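Undergrad: Below is run23.tsv; it holds TSV, C-alpha atoms.
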```tsv
chain	number	residue	atom	x	y	z
A	1	MET	CA	0.00	0.00	0.00
A	2	LEU	CA	2.82	2.42	0.90
A	3	GLU	CA	4.54	1.68	-2.39
A	4	ARG	CA	1.33	2.39	-4.25
A	5	TRP	CA	1.00	5.79	-2.56
A	6	ARG	CA	4.62	6.61	-3.36
A	7	ILE	CA	4.09	5.85	-7.04
A	8	ALA	CA	0.91	7.93	-7.05
A	9	GLY	CA	2.85	10.82	-5.49
A	10	TYR	CA	5.52	10.64	-8.19
A	11	ILE	CA	2.85	10.64	-10.88
A	12	GLY	CA	1.09	13.62	-9.29
A	13	PHE	CA	4.35	15.57	-8.97
A	14	ALA	CA	5.19	14.87	-12.62
A	15	ALA	CA	1.72	16.03	-13.62
A	16	LEU	CA	2.19	19.30	-11.72
A	17	LEU	CA	5.53	19.92	-13.46
A	18	ALA	CA	3.93	19.23	-16.84
A	19	ALA	CA	1.05	21.59	-16.05
A	20	GLN	CA	3.46	24.33	-14.97
A	21	ALA	CA	5.48	23.93	-18.17
A	22	ALA	CA	2.33	24.07	-20.28
A	23	PHE	CA	1.08	27.17	-18.46
A	24	SER	CA	4.44	28.92	-18.93
A	25	GLN	CA	4.38	28.07	-22.62
A	26	LEU	CA	0.87	29.45	-23.09
A	27	ASN	CA	1.43	32.48	-20.86
A	28	PRO	CA	5.05	33.63	-21.31
A	29	ARG	CA	6.23	36.09	-18.70
A	30	SER	CA	6.64	39.52	-20.24
A	31	TRP	CA	10.09	41.04	-19.80
A	32	GLN	CA	11.58	44.22	-21.11
A	33	ALA	CA	15.24	45.12	-20.73
A	34	ASP	CA	16.03	48.14	-18.58
A	35	LEU	CA	19.01	49.79	-20.24
A	36	SER	CA	19.58	52.35	-17.49
A	37	PRO	CA	20.62	51.84	-13.85
A	38	GLY	CA	18.02	54.48	-12.95
A	39	PRO	CA	18.27	57.72	-10.98
A	40	LEU	CA	20.53	58.28	-8.00
A	41	PRO	CA	20.04	60.37	-4.84
A	42	SER	CA	21.93	63.65	-4.73
A	43	SER	CA	25.52	63.75	-3.49
A	44	ARG	CA	24.36	65.50	-0.31
A	45	VAL	CA	21.81	62.80	0.48
A	46	LEU	CA	24.39	60.06	-0.15
A	47	ARG	CA	26.94	61.73	2.13
A	48	LEU	CA	24.38	62.08	4.91
A	49	ALA	CA	23.27	58.47	4.48
A	50	SER	CA	26.83	57.16	4.55
A	51	ALA	CA	27.35	58.41	8.14
A	52	GLY	CA	31.12	58.51	7.73
A	53	GLU	CA	31.33	55.23	5.77
A	54	SER	CA	31.46	56.84	2.36
A	55	GLU	CA	33.69	54.21	0.76
A	56	LEU	CA	31.42	51.42	1.97
A	57	VAL	CA	28.38	53.11	0.41
A	58	ALA	CA	30.40	53.86	-2.74
A	59	THR	CA	31.30	50.18	-2.98
A	60	ALA	CA	27.66	49.15	-2.67
A	61	LEU	CA	26.64	51.62	-5.38
A	62	ALA	CA	29.45	50.45	-7.67
A	63	LEU	CA	28.39	46.82	-7.29
A	64	ARG	CA	24.78	47.78	-7.98
A	65	LEU	CA	25.85	49.58	-11.14
A	66	GLN	CA	28.07	46.73	-12.27
A	67	THR	CA	25.34	44.11	-11.93
A	68	PHE	CA	22.23	46.00	-13.05
A	69	ASP	CA	22.51	44.64	-16.61
A	70	ALA	CA	21.76	41.09	-15.39
A	71	GLN	CA	17.95	41.17	-15.15
A	72	ALA	CA	15.50	38.31	-14.69
A	73	GLY	CA	17.98	35.76	-15.91
A	74	HIS	CA	18.91	37.87	-18.95
A	75	THR	CA	22.26	39.54	-19.60
A	76	ILE	CA	21.93	42.72	-21.64
A	77	ALA	CA	24.50	43.52	-24.31
A	78	MET	CA	26.84	46.17	-22.89
A	79	ARG	CA	26.82	48.24	-26.08
A	80	THR	CA	23.09	48.92	-25.68
A	81	LEU	CA	23.27	50.37	-22.16
A	82	ASP	CA	22.55	54.00	-21.30
A	83	GLY	CA	26.07	55.45	-21.34
A	84	GLU	CA	25.04	58.89	-20.09
A	85	ARG	CA	23.26	57.48	-17.04
A	86	ILE	CA	26.17	55.14	-16.32
A	87	ALA	CA	28.57	58.10	-16.45
A	88	LEU	CA	26.33	59.96	-13.96
A	89	TRP	CA	26.45	57.01	-11.56
A	90	LEU	CA	30.22	56.80	-11.82
A	91	ASP	CA	30.54	60.53	-11.20
A	92	ARG	CA	28.30	60.41	-8.15
A	93	ILE	CA	30.21	57.45	-6.71
A	94	ALA	CA	33.52	59.25	-7.26
A	95	GLU	CA	32.17	62.39	-5.56
A	96	LEU	CA	31.23	60.29	-2.55
A	97	ALA	CA	34.69	58.69	-2.23
A	98	PRO	CA	37.29	60.59	-4.33
A	99	ALA	CA	40.18	58.20	-3.55
A	100	PHE	CA	38.08	55.11	-4.36
A	101	ARG	CA	39.69	53.53	-7.43
A	102	TYR	CA	36.91	51.19	-8.47
A	103	PRO	CA	34.83	53.75	-10.43
A	104	THR	CA	37.78	54.58	-12.71
A	105	PHE	CA	38.46	50.85	-13.09
A	106	MET	CA	34.83	50.31	-14.15
A	107	ALA	CA	34.91	53.30	-16.49
A	108	SER	CA	37.99	52.04	-18.31
A	109	ARG	CA	37.96	48.25	-18.20
A	110	ILE	CA	34.18	47.68	-18.37
A	111	TYR	CA	32.39	50.60	-19.99
A	112	ALA	CA	34.90	52.48	-22.19
A	113	SER	CA	35.97	49.09	-23.53
A	114	THR	CA	32.44	48.13	-24.63
A	115	LEU	CA	30.09	51.11	-24.97
A	116	PRO	CA	29.75	52.96	-28.32
A	117	PRO	CA	32.64	55.28	-29.25
A	118	ALA	CA	30.91	58.52	-28.20
A	119	ASP	CA	30.23	57.13	-24.73
A	120	ALA	CA	33.74	55.70	-24.53
A	121	ARG	CA	35.30	59.09	-25.34
A	122	ARG	CA	33.18	60.80	-22.70
A	123	LEU	CA	34.28	58.25	-20.11
A	124	LEU	CA	37.97	58.57	-21.03
A	125	ILE	CA	37.75	62.33	-20.50
A	126	TRP	CA	35.99	61.68	-17.18
A	127	ILE	CA	38.81	59.33	-16.13
A	128	ASP	CA	41.32	62.05	-17.04
A	129	GLU	CA	39.49	64.49	-14.75
A	130	ARG	CA	39.60	62.00	-11.87
A	131	PHE	CA	43.28	61.34	-12.57
A	132	ARG	CA	44.11	65.05	-12.50
A	133	GLU	CA	42.47	65.30	-9.07
A	134	ASN	CA	44.36	62.30	-7.66
A	135	PRO	CA	47.14	61.01	-9.95
A	136	GLN	CA	48.45	58.39	-7.54
A	137	ALA	CA	45.05	56.74	-7.11
A	138	HIS	CA	43.99	56.64	-10.75
A	139	TRP	CA	47.11	56.52	-12.94
A	140	ALA	CA	46.68	52.83	-13.93
A	141	TRP	CA	43.22	53.40	-15.44
A	142	GLN	CA	44.43	56.60	-17.11
A	143	ALA	CA	47.15	54.52	-18.77
A	144	PHE	CA	44.60	51.92	-19.81
A	145	GLY	CA	42.52	54.77	-21.24
A	146	VAL	CA	45.47	55.66	-23.47
A	147	HIS	CA	45.38	52.07	-24.74
A	148	ILE	CA	41.63	52.26	-25.44
A	149	ALA	CA	41.92	55.59	-27.24
A	150	LYS	CA	44.74	54.30	-29.43
A	151	HIS	CA	43.62	50.76	-30.22
A	152	ARG	CA	39.84	50.65	-29.82
A	153	LEU	CA	38.89	54.20	-30.85
A	154	GLU	CA	41.91	54.64	-33.13
A	155	ASP	CA	42.10	58.26	-31.91
A	156	LEU	CA	45.80	59.00	-31.52
A	157	HIS	CA	45.19	62.65	-30.65
A	158	LEU	CA	42.96	61.73	-27.70
A	159	ALA	CA	45.48	59.07	-26.66
A	160	ARG	CA	48.25	61.68	-26.72
A	161	LYS	CA	46.19	64.09	-24.62
A	162	LEU	CA	45.64	61.40	-21.97
A	163	ALA	CA	49.31	60.38	-22.08
A	164	ALA	CA	50.39	64.01	-21.69
A	165	SER	CA	48.37	64.18	-18.47
A	166	LEU	CA	50.22	61.12	-17.20
A	167	ARG	CA	53.59	62.73	-17.86
A	168	GLU	CA	52.68	66.17	-16.55
A	169	ARG	CA	51.35	64.88	-13.25
A	170	ALA	CA	53.86	62.11	-12.64
A	171	ALA	CA	56.15	64.22	-10.45
A	172	GLY	CA	55.95	63.26	-6.78
A	173	THR	CA	54.13	60.01	-7.50
A	174	THR	CA	55.15	56.38	-7.98
A	175	ILE	CA	53.77	56.30	-11.53
A	176	PRO	CA	56.15	53.91	-13.36
A	177	GLN	CA	58.49	55.02	-16.11
A	178	TRP	CA	56.63	53.22	-18.89
A	179	ALA	CA	53.46	55.19	-18.13
A	180	ARG	CA	55.37	58.48	-18.10
A	181	ASP	CA	56.85	57.64	-21.52
A	182	LEU	CA	53.58	56.86	-23.34
A	183	GLU	CA	53.32	60.36	-24.80
A	184	PHE	CA	56.71	60.01	-26.49
A	185	PHE	CA	55.70	56.83	-28.31
A	186	LEU	CA	52.41	58.37	-29.38
A	187	LEU	CA	54.28	61.31	-30.87
A	188	THR	CA	56.29	58.89	-32.98
A	189	ASP	CA	53.06	57.16	-34.03
A	190	LEU	CA	51.72	60.56	-35.10
A	191	ASP	CA	54.97	61.20	-37.02
A	192	GLU	CA	55.57	64.29	-34.88
A	193	LEU	CA	59.24	63.43	-34.61
A	194	ASP	CA	60.52	66.91	-33.80
A	195	ALA	CA	58.11	67.07	-30.86
A	196	ALA	CA	59.14	63.56	-29.79
A	197	ARG	CA	62.83	64.53	-29.90
A	198	ALA	CA	62.16	67.69	-27.89
A	199	LEU	CA	60.14	65.74	-25.32
A	200	LEU	CA	62.89	63.14	-24.97
A	201	GLY	CA	65.47	65.87	-24.39
A	202	GLY	CA	63.22	67.53	-21.82
A	203	LEU	CA	62.74	64.27	-19.93
A	204	ILE	CA	66.48	63.71	-19.80
A	205	ASP	CA	67.33	67.28	-18.78
A	206	SER	CA	64.70	67.33	-16.02
A	207	GLY	CA	65.84	64.01	-14.56
A	208	GLN	CA	62.46	62.37	-15.19
A	209	LEU	CA	64.07	59.75	-17.41
A	210	ASN	CA	66.66	57.86	-15.43
A	211	ASP	CA	65.99	54.31	-16.64
A	212	GLU	CA	68.78	53.26	-19.02
A	213	ARG	CA	66.72	50.57	-20.75
A	214	ALA	CA	63.80	52.93	-21.27
A	215	LEU	CA	66.16	55.54	-22.70
A	216	ARG	CA	67.68	53.07	-25.15
A	217	ALA	CA	64.22	51.93	-26.27
A	218	MET	CA	63.08	55.49	-26.85
A	219	VAL	CA	66.20	56.45	-28.78
A	220	ALA	CA	65.87	53.31	-30.94
A	221	THR	CA	62.19	54.06	-31.60
A	222	LEU	CA	62.98	57.63	-32.62
A	223	GLU	CA	65.83	56.56	-34.91
A	224	GLU	CA	63.64	53.92	-36.57
A	225	ALA	CA	60.83	56.44	-37.10
A	226	GLU	CA	63.30	58.88	-38.65
A	227	ARG	CA	64.63	56.18	-41.00
A	228	ARG	CA	61.09	55.35	-42.10
A	229	ARG	CA	60.30	59.00	-42.72
A	230	ASP	CA	63.49	59.48	-44.75
A	231	ALA	CA	62.76	56.34	-46.77
A	232	ASP	CA	59.22	57.50	-47.49
A	233	ALA	CA	60.52	60.90	-48.57
A	234	ARG	CA	62.95	59.29	-51.01
A	235	THR	CA	60.27	57.09	-52.57
A	236	THR	CA	57.96	60.07	-53.15
A	237	GLN	CA	60.62	62.20	-54.83
A	238	PRO	CA	60.15	62.58	-58.62
```
Would you mind writing the structure in this file as C-alpha cells?

TA:
Amino acid sequence: MLERWRIAGYIGFAALLAAQAAFSQLNPRSWQADLSPGPLPSSRVLRLASAGESELVATALALRLQTFDAQAGHTIAMRTLDGERIALWLDRIAELAPAFRYPTFMASRIYASTLPPADARRLLIWIDERFRENPQAHWAWQAFGVHIAKHRLEDLHLARKLAASLRERAAGTTIPQWARDLEFFLLTDLDELDAARALLGGLIDSGQLNDERALRAMVATLEEAERRRDADARTTQP
C-alpha cells in the first residue's frame, strides 16, 4: 500500500511539473530590458546616508551599477546600455569617495571598452578628470585609457592628450616610467618626430628619465621612425 501511494505521489508531482510547463508556454512572462541603472540620490543625500562610511556606500553603489545589466535571468549587451546614465552614476560614486579607485576601473575596463565610441570618449575624458584630481590613485586606469583611445577608438590625438596628463602629473608620485613615456611613443606614431625629440630631451634634462633601458628603447624608436620617414621621402621624390 505504501509503495502504491509513493508511485501515485511521483505521478502527481510529474503532472504538476507538466502543467506548470504548459502554463508557462501558453502564458510567457513579459520582460523588457532596462538599459539604465536608474536615478541616484543627490551627493548631499548620499553623504548624509553614509554616516562617515562613504567608501562602503560607494562600494555598494558600484556593485549595484556593475550588476544592473543582469535582469530576470537575462544579460543585456553592454553596447546597448545608457552610457550617459552610467557616467552619472560613476561621477556620483567618485564624488562620494574621491580616492576610491573602483569607479575609474569600471569606467575604463568595463564601460569604455564596450560602450559605443561617443560614450567611450566621454568616459575617457571623465577618467582624465579624476586622474588630474588624484594622480596616484587613478594613474593605472588613465594609462589603460590611453590604450583604449589608441587601439579601440583609433584616436591617436585623444590618446596623446591622456598620455600628456600622465607625464605632466607624474612628479611626486610612484607612476612607473613606462606610463610616463607613453606620450613620447604616441608622438612617434603621429609622425611628430621633432616634438618627440624635444620631449625626450626635456625628460632627460629634467631628470624624469633615469631608466637606461627605457632611454635606449626610446632612442631606438625615434631613430627607426626617422629612418622610415626618410625612406618614405625618397620614394615620393620625382

Undergrad: Let me make sure I understand: among A:Ala149, A:Leu65, A:Ala170, A:Ala58, which one has the smallest atom-to-atom distance to Ser113 in chain A if we use only C-alpha atoms?

TA: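 Selected residue with least distance to Ser113 in chain A: A:Ala149.
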
Undergrad: Rank nothing, just name the residue among A:Leu56, A:Leu200, A:Ile110, A:Leu81 nearest to Leu187 in chain A, using all atoms listed in the file.

TA: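 With all atoms listed in the file as the atom set, the closest residue is A:Leu200.
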
Undergrad: Got a sec: who's within 9 Å of Tyr111 in chain A, counting all atoms listed in the file, leaving out chain neighbours fewer than 6 positions off, as a ChimeraX atom specification?

TA: /A:78-79,83,86,119-120,123

Undergrad: Quick one: everything within 10 Å of range 191-199 of chain A, counting all atoms listed in the file, minus sequence neighbours fewer than 3 positions away in the same chain. Send it as a PDB file with C-alpha atoms, keeping the file's coordinate frame.

TA:
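What landed in out.pdb:
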```
ATOM      1  CA  ASP A 181      56.850  57.640 -21.520  1.00  0.00           C
ATOM      2  CA  GLU A 183      53.320  60.360 -24.800  1.00  0.00           C
ATOM      3  CA  PHE A 184      56.710  60.010 -26.490  1.00  0.00           C
ATOM      4  CA  PHE A 185      55.700  56.830 -28.310  1.00  0.00           C
ATOM      5  CA  LEU A 186      52.410  58.370 -29.380  1.00  0.00           C
ATOM      6  CA  LEU A 187      54.280  61.310 -30.870  1.00  0.00           C
ATOM      7  CA  THR A 188      56.290  58.890 -32.980  1.00  0.00           C
ATOM      8  CA  GLY A 202      63.220  67.530 -21.820  1.00  0.00           C
ATOM      9  CA  LEU A 203      62.740  64.270 -19.930  1.00  0.00           C
ATOM     10  CA  ILE A 204      66.480  63.710 -19.800  1.00  0.00           C
ATOM     11  CA  ASP A 205      67.330  67.280 -18.780  1.00  0.00           C
ATOM     12  CA  MET A 218      63.080  55.490 -26.850  1.00  0.00           C
ATOM     13  CA  VAL A 219      66.200  56.450 -28.780  1.00  0.00           C
ATOM     14  CA  LEU A 222      62.980  57.630 -32.620  1.00  0.00           C
ATOM     15  CA  GLU A 223      65.830  56.560 -34.910  1.00  0.00           C
ATOM     16  CA  ALA A 225      60.830  56.440 -37.100  1.00  0.00           C
ATOM     17  CA  GLU A 226      63.300  58.880 -38.650  1.00  0.00           C
ATOM     18  CA  ARG A 228      61.090  55.350 -42.100  1.00  0.00           C
ATOM     19  CA  ARG A 229      60.300  59.000 -42.720  1.00  0.00           C
TER      20      ARG A 229
END
```

Undergrad: Skip range 106-108 of chain A itself and residues of its chain fewer than 3 positions away, then list as a ChimeraX atom specification all residues within 12 Å of it, counting all atoms listed in the file.

TA: /A:59,62-63,65-67,83-84,86-91,93-94,100-103,111-115,119-128,130,138-149,152

Undergrad: Expressed in Å to a single decimal, how great is the separation between CA of Pro117 in chain A and CA of Gly38 in chain A?

TA: 21.9 Å

Undergrad: By how many Å are CA of Leu96 in chain A and CA of Ser54 in chain A apart?

TA: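 That distance, rounded to one decimal, is 6.0 Å.
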
Undergrad: Here is a test: counting all atoms listed in the file, which residue of A:Glu95, A:Glu168, A:Asp155, A:Glu53 is nearest to Gln208 in chain A?

TA: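 Smallest separation from Gln208 in chain A among the options: A:Glu168.
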
Undergrad: Rounded to one decimal in Å, what is the spacing between CA of His151 in chain A and CA of Asp189 in chain A?

TA: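 About the pair CA of His151 in chain A and CA of Asp189 in chain A: they are 12.0 Å apart.
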
Undergrad: Counting only C-alpha atoms, which of A:Arg234, A:Arg180, A:Arg132, A:Lys161 gets nearest to Pro98 in chain A?

TA: A:Arg132

Undergrad: Between A:Ser43, A:Leu61, A:Leu190, A:Glu133, which residue has the minimum interatomic distance to His157 in chain A, considering all atoms listed in the file?

TA: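 Closest candidate: A:Leu190.
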